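Peer 1: For reference, this is target.cif, and it has mmCIF, C-alpha atoms and all ligand atoms.
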```cif
data_coords
#
loop_
_atom_site.label_atom_id
_atom_site.label_comp_id
_atom_site.auth_asym_id
_atom_site.auth_seq_id
_atom_site.Cartn_x
_atom_site.Cartn_y
_atom_site.Cartn_z
CA MET O 1 9.80 -23.55 -8.31
CA THR O 2 8.36 -23.76 -4.83
CA SER O 3 5.28 -25.91 -4.97
CA ASP O 4 4.64 -26.78 -1.35
CA PRO O 5 2.00 -24.44 0.07
CA VAL O 6 3.75 -24.44 3.43
CA THR O 7 7.16 -23.46 2.08
CA PRO O 8 7.74 -20.31 4.09
CA TRP O 9 7.54 -17.11 2.10
CA GLY O 10 10.88 -15.52 1.25
CA LYS O 11 13.12 -14.33 -1.56
CA GLY O 12 12.23 -15.97 -4.84
CA THR O 13 9.45 -18.21 -3.48
CA SER O 14 6.08 -18.61 -5.12
CA VAL O 15 3.03 -17.45 -3.17
CA VAL O 16 0.48 -20.21 -3.43
CA SER O 17 -1.22 -20.17 -0.03
CA ILE O 18 -1.51 -17.81 2.92
CA ARG O 19 -0.20 -20.75 4.99
CA GLN O 20 3.28 -19.67 3.84
CA PHE O 21 3.05 -16.57 6.06
CA ASP O 22 3.56 -16.74 9.81
CA PRO O 23 3.17 -13.53 11.87
CA LEU O 24 6.90 -12.72 11.55
CA ARG O 25 6.75 -12.89 7.77
CA VAL O 26 3.54 -10.85 7.71
CA ALA O 27 5.26 -8.16 9.79
CA GLU O 28 8.27 -8.25 7.46
CA LEU O 29 6.04 -7.86 4.41
CA PHE O 30 4.12 -4.98 5.98
CA ALA O 31 7.35 -3.14 6.84
CA LEU O 32 8.41 -3.55 3.23
CA ALA O 33 4.98 -2.35 2.02
CA ASP O 34 5.31 0.74 4.24
CA ARG O 35 8.57 1.57 2.49
CA MET O 36 6.99 0.99 -0.91
CA GLY O 37 3.99 3.16 -0.07
CA ALA O 38 6.23 5.95 1.19
CA GLY O 39 8.20 5.86 -2.09
CA ALA O 40 11.49 5.16 -0.32
CA GLU O 41 14.73 5.88 -2.17
CA GLY O 42 15.49 3.43 -4.95
CA VAL O 43 12.06 1.72 -4.94
CA GLY O 44 11.36 2.85 -8.51
CA ALA O 45 14.35 0.89 -9.80
CA LEU O 46 13.97 -2.38 -7.87
CA ALA O 47 12.49 -4.26 -10.83
CA ARG O 48 14.34 -2.47 -13.61
CA GLY O 49 14.93 -4.84 -16.52
CA ARG O 50 12.51 -7.43 -15.09
CA ILE O 51 9.23 -8.64 -16.58
CA MET O 52 6.02 -9.73 -14.88
CA ALA O 53 3.53 -11.85 -16.83
CA THR O 54 -0.12 -11.88 -15.82
CA LEU O 55 -2.12 -14.96 -16.78
CA PHE O 56 -5.75 -14.41 -15.83
CA TYR O 57 -8.25 -17.14 -16.70
CA GLU O 58 -10.99 -15.31 -14.75
CA PRO O 59 -12.15 -11.69 -14.80
CA SER O 60 -10.36 -9.16 -12.63
CA THR O 61 -10.12 -5.42 -12.22
CA ARG O 62 -8.38 -4.66 -8.93
CA THR O 63 -6.05 -7.63 -8.69
CA ARG O 64 -4.65 -7.48 -12.19
CA LEU O 65 -4.39 -3.71 -12.44
CA SER O 66 -2.87 -3.31 -8.98
CA PHE O 67 -0.29 -6.00 -9.75
CA GLU O 68 0.51 -4.26 -13.04
CA ALA O 69 0.67 -0.83 -11.40
CA ALA O 70 2.89 -2.29 -8.66
CA MET O 71 5.32 -3.73 -11.21
CA LEU O 72 5.47 -0.45 -13.14
CA ARG O 73 6.07 1.48 -9.91
CA LEU O 74 9.04 -0.81 -9.24
CA GLY O 75 10.44 0.15 -12.64
CA GLY O 76 9.64 -3.21 -14.21
CA GLN O 77 7.61 -4.14 -17.25
CA VAL O 78 4.49 -6.19 -17.84
CA VAL O 79 3.26 -8.67 -20.42
CA SER O 80 -0.35 -9.66 -20.12
CA THR O 81 -3.09 -11.84 -21.55
CA GLU O 82 -6.37 -9.97 -21.33
CA ASN O 83 -8.35 -13.14 -20.89
CA ALA O 84 -6.25 -16.27 -20.83
CA ALA O 85 -9.28 -18.56 -20.95
CA SER O 86 -10.30 -17.34 -24.41
CA MET O 87 -7.19 -15.55 -25.71
CA SER O 88 -4.38 -17.99 -24.90
CA SER O 89 -3.50 -21.45 -26.18
CA ALA O 90 -5.84 -22.87 -23.51
CA VAL O 91 -8.43 -22.57 -26.29
CA LYS O 92 -6.32 -24.96 -28.37
CA GLY O 93 -6.15 -27.42 -25.50
CA GLU O 94 -2.78 -26.50 -24.03
CA SER O 95 -2.43 -27.54 -20.40
CA LEU O 96 -1.87 -24.97 -17.66
CA ALA O 97 1.46 -26.63 -16.83
CA ASP O 98 2.69 -26.22 -20.41
CA THR O 99 1.50 -22.62 -20.56
CA VAL O 100 3.32 -21.56 -17.38
CA ARG O 101 6.43 -23.50 -18.41
CA ILE O 102 6.50 -21.48 -21.62
CA VAL O 103 5.67 -18.16 -19.97
CA SER O 104 8.41 -18.67 -17.41
CA GLY O 105 10.82 -18.48 -20.35
CA TYR O 106 9.52 -15.00 -21.11
CA ALA O 107 9.08 -13.42 -17.68
CA ASP O 108 10.75 -13.26 -14.26
CA VAL O 109 7.53 -13.67 -12.27
CA ILE O 110 4.04 -14.92 -13.14
CA VAL O 111 0.79 -13.72 -11.60
CA LEU O 112 -1.91 -16.32 -12.12
CA ARG O 113 -5.67 -16.30 -11.62
CA HIS O 114 -7.48 -19.51 -12.45
CA HIS O 115 -10.91 -21.04 -11.96
CA GLU O 116 -9.69 -24.27 -10.34
CA ALA O 117 -8.64 -24.66 -6.71
CA GLY O 118 -5.06 -25.91 -6.64
CA ALA O 119 -4.14 -24.37 -10.02
CA ALA O 120 -1.55 -22.03 -8.49
CA ARG O 121 0.16 -24.90 -6.74
CA LEU O 122 0.31 -26.89 -9.96
CA ALA O 123 1.61 -23.87 -11.87
CA ALA O 124 4.27 -23.15 -9.25
CA ALA O 125 5.53 -26.72 -9.61
CA ALA O 126 5.75 -26.40 -13.40
CA ALA O 127 7.26 -22.91 -13.66
CA ASP O 128 10.93 -21.95 -13.46
CA VAL O 129 10.06 -18.55 -11.95
CA PRO O 130 7.94 -17.62 -8.92
CA VAL O 131 4.17 -17.84 -9.36
CA LEU O 132 1.94 -15.53 -7.35
CA ASN O 133 -1.59 -16.84 -6.77
CA ALA O 134 -4.09 -14.14 -7.68
CA GLY O 135 -7.04 -16.43 -6.86
CA ASP O 136 -7.49 -20.12 -7.59
CA GLY O 137 -11.19 -20.84 -8.00
CA PRO O 138 -12.88 -21.31 -4.63
CA GLY O 139 -9.51 -22.06 -3.03
CA GLU O 140 -7.39 -19.14 -1.90
CA HIS O 141 -6.50 -15.53 -2.61
CA PRO O 142 -3.42 -14.99 -0.45
CA THR O 143 -2.32 -11.58 -1.76
CA GLN O 144 -5.82 -10.24 -1.12
CA ALA O 145 -5.71 -11.55 2.47
CA LEU O 146 -2.41 -9.73 2.97
CA LEU O 147 -3.80 -6.40 1.80
CA ASP O 148 -6.92 -7.01 3.91
CA ALA O 149 -4.79 -7.63 7.00
CA TYR O 150 -2.62 -4.61 6.17
CA THR O 151 -5.77 -2.48 6.12
CA ILE O 152 -6.93 -3.99 9.43
CA VAL O 153 -3.65 -3.37 11.23
CA ARG O 154 -3.40 0.18 9.93
CA ARG O 155 -6.88 0.93 11.25
CA THR O 156 -7.01 -1.05 14.51
CA GLY O 157 -3.29 -1.08 15.35
CA ARG O 158 -3.24 -4.85 15.84
CA LEU O 159 -3.88 -8.24 14.28
CA ASP O 160 -4.53 -10.16 17.51
CA HIS O 161 -7.51 -10.25 19.86
CA LEU O 162 -9.93 -9.26 17.15
CA ARG O 163 -13.59 -10.03 16.76
CA VAL O 164 -14.04 -10.47 13.03
CA ALA O 165 -17.36 -11.11 11.30
CA LEU O 166 -17.00 -12.51 7.78
CA VAL O 167 -20.32 -12.33 5.97
CA GLY O 168 -21.73 -13.75 2.74
CA ASP O 169 -20.32 -16.59 0.68
CA MET O 170 -18.07 -18.58 2.98
CA ALA O 171 -18.21 -21.70 0.79
CA TYR O 172 -16.75 -20.28 -2.41
CA GLY O 173 -15.35 -16.93 -1.24
CA ARG O 174 -11.61 -17.50 -1.50
CA THR O 175 -10.74 -14.15 0.07
CA ALA O 176 -12.55 -15.16 3.26
CA HIS O 177 -10.71 -18.49 3.29
CA SER O 178 -7.27 -16.90 3.07
CA LEU O 179 -8.04 -14.02 5.45
CA SER O 180 -9.45 -16.28 8.19
CA LEU O 181 -6.38 -18.54 7.94
CA LEU O 182 -4.07 -15.55 8.22
CA LEU O 183 -5.91 -14.14 11.25
CA ALA O 184 -6.04 -17.50 13.04
CA ASN O 185 -2.24 -17.35 13.40
CA TYR O 186 -2.64 -14.63 16.03
CA PRO O 187 -3.89 -15.15 19.59
CA GLY O 188 -7.29 -14.24 20.94
CA GLN O 189 -9.27 -14.30 17.71
CA THR O 190 -13.01 -14.73 17.43
CA ILE O 191 -13.97 -15.44 13.85
CA THR O 192 -17.68 -15.45 13.09
CA PHE O 193 -18.78 -16.77 9.70
CA VAL O 194 -22.22 -15.44 8.85
CA ALA O 195 -23.41 -17.43 5.84
CA PRO O 196 -26.61 -18.89 4.44
CA ASP O 197 -26.87 -22.67 4.91
CA VAL O 198 -25.99 -23.24 1.24
CA ALA O 199 -22.79 -21.18 1.50
CA ARG O 200 -21.22 -22.32 4.77
CA ALA O 201 -17.45 -22.37 5.25
CA PRO O 202 -15.79 -25.71 4.37
CA ALA O 203 -15.65 -27.98 7.45
CA ALA O 204 -11.93 -28.55 6.90
CA LEU O 205 -11.29 -24.81 7.05
CA VAL O 206 -13.25 -24.42 10.28
CA ALA O 207 -11.32 -27.35 11.79
CA GLU O 208 -7.99 -25.83 10.72
CA LEU O 209 -8.87 -22.43 12.22
CA ARG O 210 -9.85 -24.07 15.51
CA ALA O 211 -6.65 -26.13 15.52
CA ARG O 212 -4.76 -22.83 15.24
CA GLY O 213 -6.55 -21.65 18.41
CA ALA O 214 -9.24 -19.37 17.02
CA THR O 215 -12.75 -19.34 18.38
CA VAL O 216 -14.93 -19.98 15.35
CA VAL O 217 -18.66 -19.27 15.36
CA GLU O 218 -20.90 -20.25 12.46
CA SER O 219 -24.10 -18.30 12.43
CA GLU O 220 -26.98 -16.92 10.40
CA ASP O 221 -27.55 -14.16 12.94
CA PHE O 222 -26.17 -11.16 11.06
CA GLY O 223 -27.57 -8.69 13.61
CA ALA O 224 -25.79 -10.28 16.57
CA ALA O 225 -22.49 -10.63 14.70
CA ILE O 226 -22.33 -7.01 13.60
CA ALA O 227 -23.37 -5.58 16.96
CA ASP O 228 -20.10 -6.74 18.50
CA CYS O 229 -17.13 -6.86 16.13
CA ASP O 230 -13.92 -4.98 15.34
CA VAL O 231 -13.92 -5.88 11.66
CA LEU O 232 -16.90 -6.54 9.40
CA TYR O 233 -15.76 -8.28 6.21
CA MET O 234 -18.61 -8.33 3.70
CA THR O 235 -18.37 -10.50 0.57
CA ARG O 236 -20.22 -11.11 -2.67
CA VAL O 237 -22.05 -14.38 -3.24
CA GLN O 238 -20.00 -16.08 -5.96
CA LYS O 239 -22.66 -16.73 -8.60
CA GLU O 240 -20.18 -18.26 -11.04
CA ARG O 241 -19.19 -20.99 -8.56
CA PHE O 242 -22.61 -22.12 -7.39
CA PRO O 243 -23.62 -25.61 -8.53
CA SER O 244 -27.12 -24.46 -9.54
CA PRO O 245 -29.11 -21.24 -10.02
CA GLU O 246 -31.58 -22.45 -7.34
CA LEU O 247 -28.88 -22.73 -4.69
CA TYR O 248 -27.47 -19.36 -5.73
CA ALA O 249 -30.92 -17.80 -5.38
CA ARG O 250 -31.11 -19.15 -1.82
CA ALA O 251 -27.79 -17.54 -0.90
CA GLN O 252 -27.93 -14.22 -2.75
CA GLY O 253 -29.33 -11.21 -0.92
CA ARG O 254 -29.58 -12.87 2.51
CA PHE O 255 -27.35 -10.41 4.35
CA ALA O 256 -27.05 -6.76 3.43
CA LEU O 257 -25.56 -3.79 5.24
CA ASP O 258 -28.71 -1.71 4.79
CA ALA O 259 -29.59 1.34 6.88
CA ASP O 260 -30.99 -0.79 9.74
CA ALA O 261 -27.92 -2.99 9.87
CA LEU O 262 -25.60 0.01 9.66
CA ALA O 263 -27.36 1.52 12.67
CA ARG O 264 -26.75 -1.69 14.62
CA LEU O 265 -23.12 -2.09 13.55
CA SER O 266 -20.62 -1.73 16.37
CA PRO O 267 -19.25 1.83 16.48
CA ARG O 268 -15.69 0.45 16.65
CA ALA O 269 -16.08 -1.79 13.57
CA TRP O 270 -14.22 -1.16 10.33
CA ILE O 271 -16.12 -2.19 7.20
CA LEU O 272 -14.08 -4.11 4.61
CA HIS O 273 -15.05 -5.75 1.32
CA PRO O 274 -12.70 -7.26 -1.28
CA LEU O 275 -15.00 -5.89 -4.02
CA PRO O 276 -16.71 -6.11 -6.45
CA ARG O 277 -19.90 -5.59 -4.46
CA LEU O 278 -23.49 -6.39 -5.13
CA GLY O 279 -26.49 -5.55 -2.96
CA GLU O 280 -24.75 -6.70 0.24
CA LEU O 281 -22.93 -3.36 0.45
CA PRO O 282 -25.14 -0.46 -0.68
CA GLU O 283 -23.43 2.68 -1.94
CA ALA O 284 -25.04 4.59 0.94
CA VAL O 285 -22.45 2.94 3.22
CA ASP O 286 -19.61 4.71 1.39
CA ALA O 287 -20.11 7.89 3.37
CA ASP O 288 -19.90 6.09 6.73
CA PRO O 289 -16.62 6.86 8.53
CA ARG O 290 -16.20 3.15 9.28
CA ALA O 291 -16.10 2.24 5.55
CA VAL O 292 -12.52 1.52 4.49
CA TYR O 293 -12.94 -0.67 1.40
CA PHE O 294 -11.63 1.88 -1.08
CA GLU O 295 -8.56 2.39 1.07
CA GLN O 296 -8.32 -1.43 1.25
CA ALA O 297 -8.29 -1.63 -2.57
CA ARG O 298 -5.57 1.05 -2.74
CA ASN O 299 -3.44 -0.91 -0.28
CA GLY O 300 -3.17 -3.57 -2.97
CA VAL O 301 -0.42 -1.55 -4.67
CA PRO O 302 2.19 -1.29 -1.86
CA ILE O 303 1.47 -4.87 -0.74
CA ARG O 304 1.93 -6.21 -4.27
CA MET O 305 5.03 -4.07 -4.79
CA ALA O 306 6.52 -5.70 -1.71
CA LEU O 307 5.49 -9.19 -2.85
CA LEU O 308 6.91 -8.65 -6.34
CA ALA O 309 10.18 -7.17 -5.07
CA ARG O 310 10.65 -10.15 -2.77
CA ALA O 311 9.67 -12.67 -5.47
CA LEU O 312 12.26 -11.08 -7.76
CA GLY O 313 14.87 -11.24 -5.00
CA ALA O 314 15.20 -7.46 -5.23
CA ALA O 315 14.24 -6.59 -1.64
C1 LIG A 401 -12.37 -11.17 -5.15
C2 LIG A 401 -11.94 -12.41 -5.90
O1 LIG A 401 -11.64 -12.35 -7.09
O2 LIG A 401 -11.91 -13.43 -5.24
N1 LIG A 401 -12.06 -9.97 -5.80
C3 LIG A 401 -10.80 -9.44 -5.63
O3 LIG A 401 -9.80 -10.02 -6.01
N2 LIG A 401 -10.72 -8.26 -5.00
C4 LIG A 401 -13.75 -11.21 -4.66
C5 LIG A 401 -14.88 -11.54 -5.60
O4 LIG A 401 -14.70 -11.77 -6.78
O5 LIG A 401 -16.00 -11.55 -5.10
#
```
As structure tokens, how would this structure be written, given the file I've shared?
Ligand code: NCD
Peer 2:
Amino acid sequence: MTSDPVTPWGKGTSVVSIRQFDPLRVAELFALADRMGAGAEGVGALARGRIMATLFYEPSTRTRLSFEAAMLRLGGQVVSTENAASMSSAVKGESLADTVRIVSGYADVIVLRHHEAGAARLAAAAADVPVLNAGDGPGEHPTQALLDAYTIVRRTGRLDHLRVALVGDMAYGRTAHSLSLLLANYPGQTITFVAPDVARAPAALVAELRARGATVVESEDFGAAIADCDVLYMTRVQKERFPSPELYARAQGRFALDADALARLSPRAWILHPLPRLGELPEAVDADPRAVYFEQARNGVPIRMALLARALGAA
């Protein structure tokens, strides 16, 4: 199947990277997601007789369950490995390529989460059916970026001329990588990465965002970034990806949206988080009218319904 990360998204293509989505395709997807969310006529039969396989080699709550719920809402069915790393033939030494080749004989679409960057691309090349990247290690998480952007546009009314502060683990946080790439396709963006020195965004990513025309600021000044932004995107420090416990300890807990920070946060800012959260996003924030992360998580269903329907060639 489609293996090139820049193959434009369309009917029957894999989704490996957010680079497959230009603003026109994003708008097309969001229009489709609106129809899915509104329960338009016939939506519940779009995937009738079709099967989605989920292959998750890393833990997941939201991504896997929202993909499964999305497939069921389209009238399709789901086969799943609870934990592919310990419950599939990976334990016996089977390669990822062999596994997806086999699974593509059983299902019409594969949703894959893996601990290695580039795994989705490799899987898409090996499979005979579309592969949707549900997170490849520290690489990308394109379907999350799409639901993040969907939440942003529904709240702010636009995806251009935004001041976005992405905070936390910019080195290993794949959701931040994909979301910043998506946003940099629109004019007038100011993207501020607020990260500890041991968790800075990859230099190649920063260069790519600038080449797309975004103003990119790298900072450790959380207070300044949050005082003037339209979107505050908080993230968890990815303990499981840090090279050592010492480096993790230096990154964890640096920036938190505590009561002081919340008081300084721009009144026009929407607060997003891909979840799960740790101390960077205290539960006290939940009551703030700017907090939209639960709505963001819910948006995963219509977005993934639209992605699945298109992957299956059914919409
Ligand atoms: C994120 C992920 O898996 O990258 N979670 C998600 O899919 N919503 C974020 C994280 O694990 O920190």
Peer 1: Show me which residues line ligand LIG 401 (chain A), defined as having an atom within 6 Å of a ligand atom where all atoms listed in the file count, and present them as number ranges by chain.
Peer 2: O: 62-63, 135, 174-175, 236, 274-276
Peer 1: Could the residues in this selection be written to a file with C-alpha atoms, as a compact mmCIF listing (two decimals), in the frame of the given file?
Peer 2:
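part.txt was written with the following content:
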```txt
# COMPACT_ATOMS: atom_id res chain seq x y z
CA ARG O 62 -8.38 -4.66 -8.93
CA THR O 63 -6.05 -7.63 -8.69
CA GLY O 135 -7.04 -16.43 -6.86
CA ARG O 174 -11.61 -17.50 -1.50
CA THR O 175 -10.74 -14.15 0.07
CA ARG O 236 -20.22 -11.11 -2.67
CA PRO O 274 -12.70 -7.26 -1.28
CA LEU O 275 -15.00 -5.89 -4.02
CA PRO O 276 -16.71 -6.11 -6.45
```
Peer 1: Take every atom of range 145-159 of chain O listed in the file, pad by 3 Å on each side, and give me the axis-aligned box centre and edge lengths in Å, one decimal, as JSON.
Peer 2:
```
{"center_x": -4.7, "center_y": -5.3, "center_z": 8.8, "size_x": 10.6, "size_y": 18.5, "size_z": 20.0}
```
Peer 1: Residues at most 8 Å from Leu232 in chain O, counting only C-alpha atoms, excluding those fewer than 5 positions away in the same chain, as a PyMOL selection string?
Peer 2: chain O and resi 164-167+226+269-272
Peer 1: Keeping C-alpha atoms for every residue in the selection just given, could you write it to a file as a JSON list (two decimals), in the coordinates of the input?
Peer 2:
```json
[["chain", "number", "residue", "atom", "x", "y", "z"],
["O", 164, "VAL", "CA", -14.04, -10.47, 13.03],
["O", 165, "ALA", "CA", -17.36, -11.11, 11.30],
["O", 166, "LEU", "CA", -17.00, -12.51, 7.78],
["O", 167, "VAL", "CA", -20.32, -12.33, 5.97],
["O", 226, "ILE", "CA", -22.33, -7.01, 13.60],
["O", 269, "ALA", "CA", -16.08, -1.79, 13.57],
["O", 270, "TRP", "CA", -14.22, -1.16, 10.33],
["O", 271, "ILE", "CA", -16.12, -2.19, 7.20],
["O", 272, "LEU", "CA", -14.08, -4.11, 4.61]]
```
Peer 1: Pick from O:Thr143, O:Met234, O:Ala227, O:Tyr106: nearest to Asp260 in chain O, with only C-alpha atoms counted?
Peer 2: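 Answer, going by the shortest atom-to-atom distance: O:Ala227.
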Peer 1: If you measure from CA of Asp288 in chain O to CA of Leu262 in chain O, what distance in Å do you get, rounded to one decimal?
Peer 2: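 It comes out at 8.8 Å.
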Peer 1: Which residues are near Ala291 in chain O? Cut-off 12 Å, only C-alpha atoms, ignore same chain within fewer than 5 positions. Put them as a list of chain:residue names.
Peer 2: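 Selected residues are O:Thr151, O:Ile152, O:Arg155, O:Val231, O:Leu232, O:Tyr233, O:Met234, O:Leu257, O:Leu262, O:Leu265, O:Pro267, O:Arg268, O:Ala269, O:Trp270, O:Ile271, O:Leu272, O:His273, O:Leu281, O:Pro282, O:Glu283, O:Ala284, O:Val285, O:Asp286, O:Gln296, O:Ala297.
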